[in-house]
Amino acid sequence: VQLQASGGGVVHPGGSLTLSCVVSGRTLSRSVMGWFRQVPGKEREFVAARRWPGGSAVYADSVMGRFTISRDLAKNTVYLQMSSLKAEDTAVYYCAAAEKSLITSQFRRVVNYETWGQGTQVTVSS
């Protein structure tokens with residue numbers, strides 16, 4: 001399984017950006033996919049995750065109502081749509097795939113994801 005994240009860039013506060021994560025080597029039809037972020041000197045933190053099919057999305061409190069995790073099954077791609085971006089959203093964003101079937105309470109833990117993309121930088125600055 002390989003994950004290829006892209007879509008990062010520089011955006012003004014209040015702006016929007018959509019990150020993509022192309023998945024190869026497995027199907028997204030039944031999966032748990034997550035997005036995490038990390039800034040230098042800090043631990044990687046949970047942003048959003050979702051189980052397909054039929055699972056509800058889980059979001060960090062800091063991004064609730066502003067970020068949306070979704071997928072395009074035909075493209076085997078997971079997205080993170082980000083809006084109303086703030087300076088504190090600046091980080092390297094990583095997509096991740098869980099090999100095991102996780103329950104919702106396990107979505108937030110880094111250790112529960114076995115495969116990671118390479119990261120894409122998001123900078124929110126005026």
# chains A, B, ... in the order shown; residues from 1 in each chain; ligands from 1
>>> residues_around(residues="A:Pro40", least_positions_apart="5", cutoff="12 Å", atoms="only C-alpha atoms", output="list in words")
Glu45, Thr90, Ala91, Val92 and Gln121 of chain A
>>> select_by_dssp(residues="chain A", states="strand (DSSP E or B)", output="MDAnalysis selection string")
chainID A and resid 2:6 9:11 17:24 31:38 45:52 57:59 67:72 77:82 91:98 115:116 120:124
>>> atom_distance(atom1="atom CA of A:Val78", atom2="atom CA of A:Trp35")
9.4 Å
>>> select_by_dssp(residues="chain A", states="helix (DSSP H, G or I)", output="ChimeraX atom specification")
/A:87-89,104-106,110-112
>>> write_last_selection(atoms="all heavy atoms", output="compact mmCIF listing (two decimals), in the first residue's frame")
# COMPACT_ATOMS: atom_id res chain seq x y z
N ALA A 87 -4.01 30.71 10.93
CA ALA A 87 -2.55 30.58 11.03
C ALA A 87 -2.16 29.31 11.78
O ALA A 87 -1.17 28.66 11.43
CB ALA A 87 -1.97 31.81 11.71
N GLU A 88 -2.95 28.95 12.76
CA GLU A 88 -2.62 27.76 13.55
C GLU A 88 -2.87 26.44 12.82
O GLU A 88 -2.55 25.37 13.33
CB GLU A 88 -3.39 27.75 14.88
CG GLU A 88 -4.88 28.00 14.74
CD GLU A 88 -5.24 29.45 14.98
OE1 GLU A 88 -4.53 30.34 14.47
OE2 GLU A 88 -6.27 29.69 15.66
N ASP A 89 -3.43 26.51 11.61
CA ASP A 89 -3.56 25.32 10.78
C ASP A 89 -2.28 25.03 10.00
O ASP A 89 -2.18 23.99 9.34
CB ASP A 89 -4.72 25.48 9.79
CG ASP A 89 -6.07 25.56 10.46
OD1 ASP A 89 -6.30 24.80 11.42
OD2 ASP A 89 -6.89 26.40 10.04
N THR A 104 -14.48 3.70 16.24
CA THR A 104 -14.39 5.15 16.20
C THR A 104 -13.44 5.71 17.25
O THR A 104 -12.67 6.65 16.98
CB THR A 104 -15.78 5.77 16.36
OG1 THR A 104 -16.64 5.24 15.34
CG2 THR A 104 -15.73 7.28 16.22
N SER A 105 -13.45 5.13 18.43
CA SER A 105 -12.62 5.65 19.52
C SER A 105 -11.13 5.47 19.24
O SER A 105 -10.29 6.06 19.93
CB SER A 105 -12.99 4.97 20.83
OG SER A 105 -12.79 3.58 20.74
N GLN A 106 -10.79 4.64 18.27
CA GLN A 106 -9.39 4.40 17.94
C GLN A 106 -8.88 5.31 16.81
O GLN A 106 -7.68 5.29 16.51
CB GLN A 106 -9.21 2.94 17.51
CG GLN A 106 -9.51 1.94 18.60
CD GLN A 106 -9.47 0.51 18.09
OE1 GLN A 106 -10.06 0.18 17.05
NE2 GLN A 106 -8.78 -0.36 18.82
N VAL A 110 -2.23 7.86 16.49
CA VAL A 110 -1.25 7.67 15.42
C VAL A 110 -0.86 6.20 15.28
O VAL A 110 -0.73 5.68 14.17
CB VAL A 110 0.00 8.52 15.69
CG1 VAL A 110 1.13 8.16 14.76
CG2 VAL A 110 -0.33 10.02 15.57
N VAL A 111 -0.71 5.50 16.38
CA VAL A 111 -0.20 4.13 16.36
C VAL A 111 -1.15 3.16 15.67
O VAL A 111 -0.76 2.05 15.32
CB VAL A 111 0.09 3.62 17.79
CG1 VAL A 111 1.21 4.43 18.41
CG2 VAL A 111 -1.17 3.64 18.65
N ASN A 112 -2.40 3.55 15.47
CA ASN A 112 -3.36 2.64 14.85
C ASN A 112 -3.33 2.68 13.33
O ASN A 112 -4.09 1.97 12.67
CB ASN A 112 -4.77 2.95 15.35
CG ASN A 112 -4.96 2.53 16.80
OD1 ASN A 112 -4.38 1.54 17.25
ND2 ASN A 112 -5.77 3.28 17.54
>>> atom_distance(atom1="atom CA of A:Tyr59", atom2="atom CA of A:Arg108")
8.7 Å
>>> closest_residue(among="A:Tyr94, A:Trp52, A:Tyr113, A:Leu19", to="A:Thr68", atoms="only C-alpha atoms")
A:Leu19
>>> atom_distance(atom1="atom CA of A:Asn76", atom2="atom CA of A:Asp61")
27.2 Å
>>> residues_around(residues="stretch 29-31 of chain A", least_positions_apart="5", cutoff="8 Å", atoms="only C-alpha atoms", output="list of chain:residue names")
A:Arg51, A:Trp52, A:Pro53, A:Leu73, A:Ala97, A:Ala98, A:Glu99, A:Ser101
>>> residues_around(residues="A:Leu17", least_positions_apart="4", cutoff="7 Å", atoms="only C-alpha atoms", output="VMD selection string")
chain A and resid 81 to 83
>>> residues_around(residues="A:Ser6", least_positions_apart="3", cutoff="7 Å", atoms="only C-alpha atoms", output="PyMOL selection string")
chain A and resi 19-21+120
>>> closest_residue(among="A:Ser24, A:Ser70, A:Thr77, A:Ser56", to="A:Phe107", atoms="only C-alpha atoms")
A:Ser56
>>> decode(residues="stretch 114-125 of chain A", atoms="all heavy atoms", output="PDB file, in the first residue's frame")
ATOM      1  N   GLU A 114      -0.989   2.132   9.948  1.00  0.00           N
ATOM      2  CA  GLU A 114       0.247   1.454   9.563  1.00  0.00           C
ATOM      3  C   GLU A 114       0.934   2.096   8.359  1.00  0.00           C
ATOM      4  O   GLU A 114       2.142   1.975   8.214  1.00  0.00           O
ATOM      5  CB  GLU A 114      -0.037  -0.031   9.228  1.00  0.00           C
ATOM      6  CG  GLU A 114      -0.432  -0.887  10.420  1.00  0.00           C
ATOM      7  CD  GLU A 114      -1.906  -0.802  10.764  1.00  0.00           C
ATOM      8  OE1 GLU A 114      -2.648  -0.092  10.046  1.00  0.00           O
ATOM      9  OE2 GLU A 114      -2.323  -1.434  11.747  1.00  0.00           O
ATOM     10  N   THR A 115       0.175   2.727   7.517  1.00  0.00           N
ATOM     11  CA  THR A 115       0.742   3.261   6.279  1.00  0.00           C
ATOM     12  C   THR A 115       0.521   4.763   6.222  1.00  0.00           C
ATOM     13  O   THR A 115      -0.577   5.248   6.480  1.00  0.00           O
ATOM     14  CB  THR A 115       0.089   2.597   5.060  1.00  0.00           C
ATOM     15  OG1 THR A 115       0.219   1.171   5.169  1.00  0.00           O
ATOM     16  CG2 THR A 115       0.759   3.064   3.777  1.00  0.00           C
ATOM     17  N   TRP A 116       1.595   5.488   5.849  1.00  0.00           N
ATOM     18  CA  TRP A 116       1.554   6.948   5.845  1.00  0.00           C
ATOM     19  C   TRP A 116       2.036   7.491   4.516  1.00  0.00           C
ATOM     20  O   TRP A 116       2.949   6.933   3.894  1.00  0.00           O
ATOM     21  CB  TRP A 116       2.444   7.493   6.961  1.00  0.00           C
ATOM     22  CG  TRP A 116       1.925   7.171   8.311  1.00  0.00           C
ATOM     23  CD1 TRP A 116       2.067   6.001   8.996  1.00  0.00           C
ATOM     24  CD2 TRP A 116       1.131   8.026   9.147  1.00  0.00           C
ATOM     25  NE1 TRP A 116       1.414   6.074  10.201  1.00  0.00           N
ATOM     26  CE2 TRP A 116       0.840   7.308  10.323  1.00  0.00           C
ATOM     27  CE3 TRP A 116       0.650   9.328   9.017  1.00  0.00           C
ATOM     28  CZ2 TRP A 116       0.083   7.845  11.362  1.00  0.00           C
ATOM     29  CZ3 TRP A 116      -0.098   9.866  10.042  1.00  0.00           C
ATOM     30  CH2 TRP A 116      -0.384   9.133  11.203  1.00  0.00           C
ATOM     31  N   GLY A 117       1.433   8.609   4.108  1.00  0.00           N
ATOM     32  CA  GLY A 117       1.921   9.333   2.962  1.00  0.00           C
ATOM     33  C   GLY A 117       3.119  10.177   3.351  1.00  0.00           C
ATOM     34  O   GLY A 117       3.509  10.249   4.525  1.00  0.00           O
ATOM     35  N   GLN A 118       3.679  10.875   2.384  1.00  0.00           N
ATOM     36  CA  GLN A 118       4.925  11.606   2.603  1.00  0.00           C
ATOM     37  C   GLN A 118       4.726  12.985   3.210  1.00  0.00           C
ATOM     38  O   GLN A 118       5.688  13.599   3.625  1.00  0.00           O
ATOM     39  CB  GLN A 118       5.699  11.747   1.276  1.00  0.00           C
ATOM     40  CG  GLN A 118       5.256  12.900   0.396  1.00  0.00           C
ATOM     41  CD  GLN A 118       3.930  12.660  -0.290  1.00  0.00           C
ATOM     42  OE1 GLN A 118       3.215  11.694  -0.054  1.00  0.00           O
ATOM     43  NE2 GLN A 118       3.580  13.562  -1.181  1.00  0.00           N
ATOM     44  N   GLY A 119       3.497  13.466   3.281  1.00  0.00           N
ATOM     45  CA  GLY A 119       3.245  14.773   3.867  1.00  0.00           C
ATOM     46  C   GLY A 119       3.223  15.878   2.829  1.00  0.00           C
ATOM     47  O   GLY A 119       3.959  15.844   1.833  1.00  0.00           O
ATOM     48  N   THR A 120       2.382  16.858   3.073  1.00  0.00           N
ATOM     49  CA  THR A 120       2.303  18.030   2.208  1.00  0.00           C
ATOM     50  C   THR A 120       2.160  19.267   3.092  1.00  0.00           C
ATOM     51  O   THR A 120       1.374  19.280   4.045  1.00  0.00           O
ATOM     52  CB  THR A 120       1.134  17.902   1.199  1.00  0.00           C
ATOM     53  OG1 THR A 120       1.128  19.012   0.312  1.00  0.00           O
ATOM     54  CG2 THR A 120      -0.220  17.792   1.885  1.00  0.00           C
ATOM     55  N   GLN A 121       2.957  20.302   2.790  1.00  0.00           N
ATOM     56  CA  GLN A 121       3.022  21.488   3.640  1.00  0.00           C
ATOM     57  C   GLN A 121       1.851  22.428   3.362  1.00  0.00           C
ATOM     58  O   GLN A 121       1.599  22.786   2.208  1.00  0.00           O
ATOM     59  CB  GLN A 121       4.342  22.236   3.397  1.00  0.00           C
ATOM     60  CG  GLN A 121       4.466  23.553   4.141  1.00  0.00           C
ATOM     61  CD  GLN A 121       4.660  23.367   5.633  1.00  0.00           C
ATOM     62  OE1 GLN A 121       5.487  22.571   6.065  1.00  0.00           O
ATOM     63  NE2 GLN A 121       3.926  24.123   6.437  1.00  0.00           N
ATOM     64  N   VAL A 122       1.189  22.847   4.423  1.00  0.00           N
ATOM     65  CA  VAL A 122       0.153  23.869   4.349  1.00  0.00           C
ATOM     66  C   VAL A 122       0.605  25.051   5.192  1.00  0.00           C
ATOM     67  O   VAL A 122       0.918  24.898   6.374  1.00  0.00           O
ATOM     68  CB  VAL A 122      -1.202  23.347   4.864  1.00  0.00           C
ATOM     69  CG1 VAL A 122      -2.221  24.482   4.941  1.00  0.00           C
ATOM     70  CG2 VAL A 122      -1.718  22.233   3.960  1.00  0.00           C
ATOM     71  N   THR A 123       0.669  26.222   4.572  1.00  0.00           N
ATOM     72  CA  THR A 123       1.073  27.431   5.276  1.00  0.00           C
ATOM     73  C   THR A 123      -0.039  28.464   5.151  1.00  0.00           C
ATOM     74  O   THR A 123      -0.435  28.817   4.036  1.00  0.00           O
ATOM     75  CB  THR A 123       2.374  27.997   4.704  1.00  0.00           C
ATOM     76  OG1 THR A 123       3.405  27.006   4.810  1.00  0.00           O
ATOM     77  CG2 THR A 123       2.799  29.251   5.465  1.00  0.00           C
ATOM     78  N   VAL A 124      -0.537  28.913   6.286  1.00  0.00           N
ATOM     79  CA  VAL A 124      -1.578  29.936   6.314  1.00  0.00           C
ATOM     80  C   VAL A 124      -0.941  31.214   6.827  1.00  0.00           C
ATOM     81  O   VAL A 124      -0.538  31.300   7.985  1.00  0.00           O
ATOM     82  CB  VAL A 124      -2.763  29.527   7.201  1.00  0.00           C
ATOM     83  CG1 VAL A 124      -3.872  30.581   7.123  1.00  0.00           C
ATOM     84  CG2 VAL A 124      -3.289  28.155   6.795  1.00  0.00           C
ATOM     85  N   SER A 125      -0.839  32.190   5.945  1.00  0.00           N
ATOM     86  CA  SER A 125      -0.118  33.408   6.300  1.00  0.00           C
ATOM     87  C   SER A 125      -0.649  34.576   5.487  1.00  0.00           C
ATOM     88  O   SER A 125      -1.007  34.430   4.322  1.00  0.00           O
ATOM     89  CB  SER A 125       1.375  33.229   6.043  1.00  0.00           C
ATOM     90  OG  SER A 125       2.067  34.448   6.240  1.00  0.00           O
TER      91      SER A 125
END
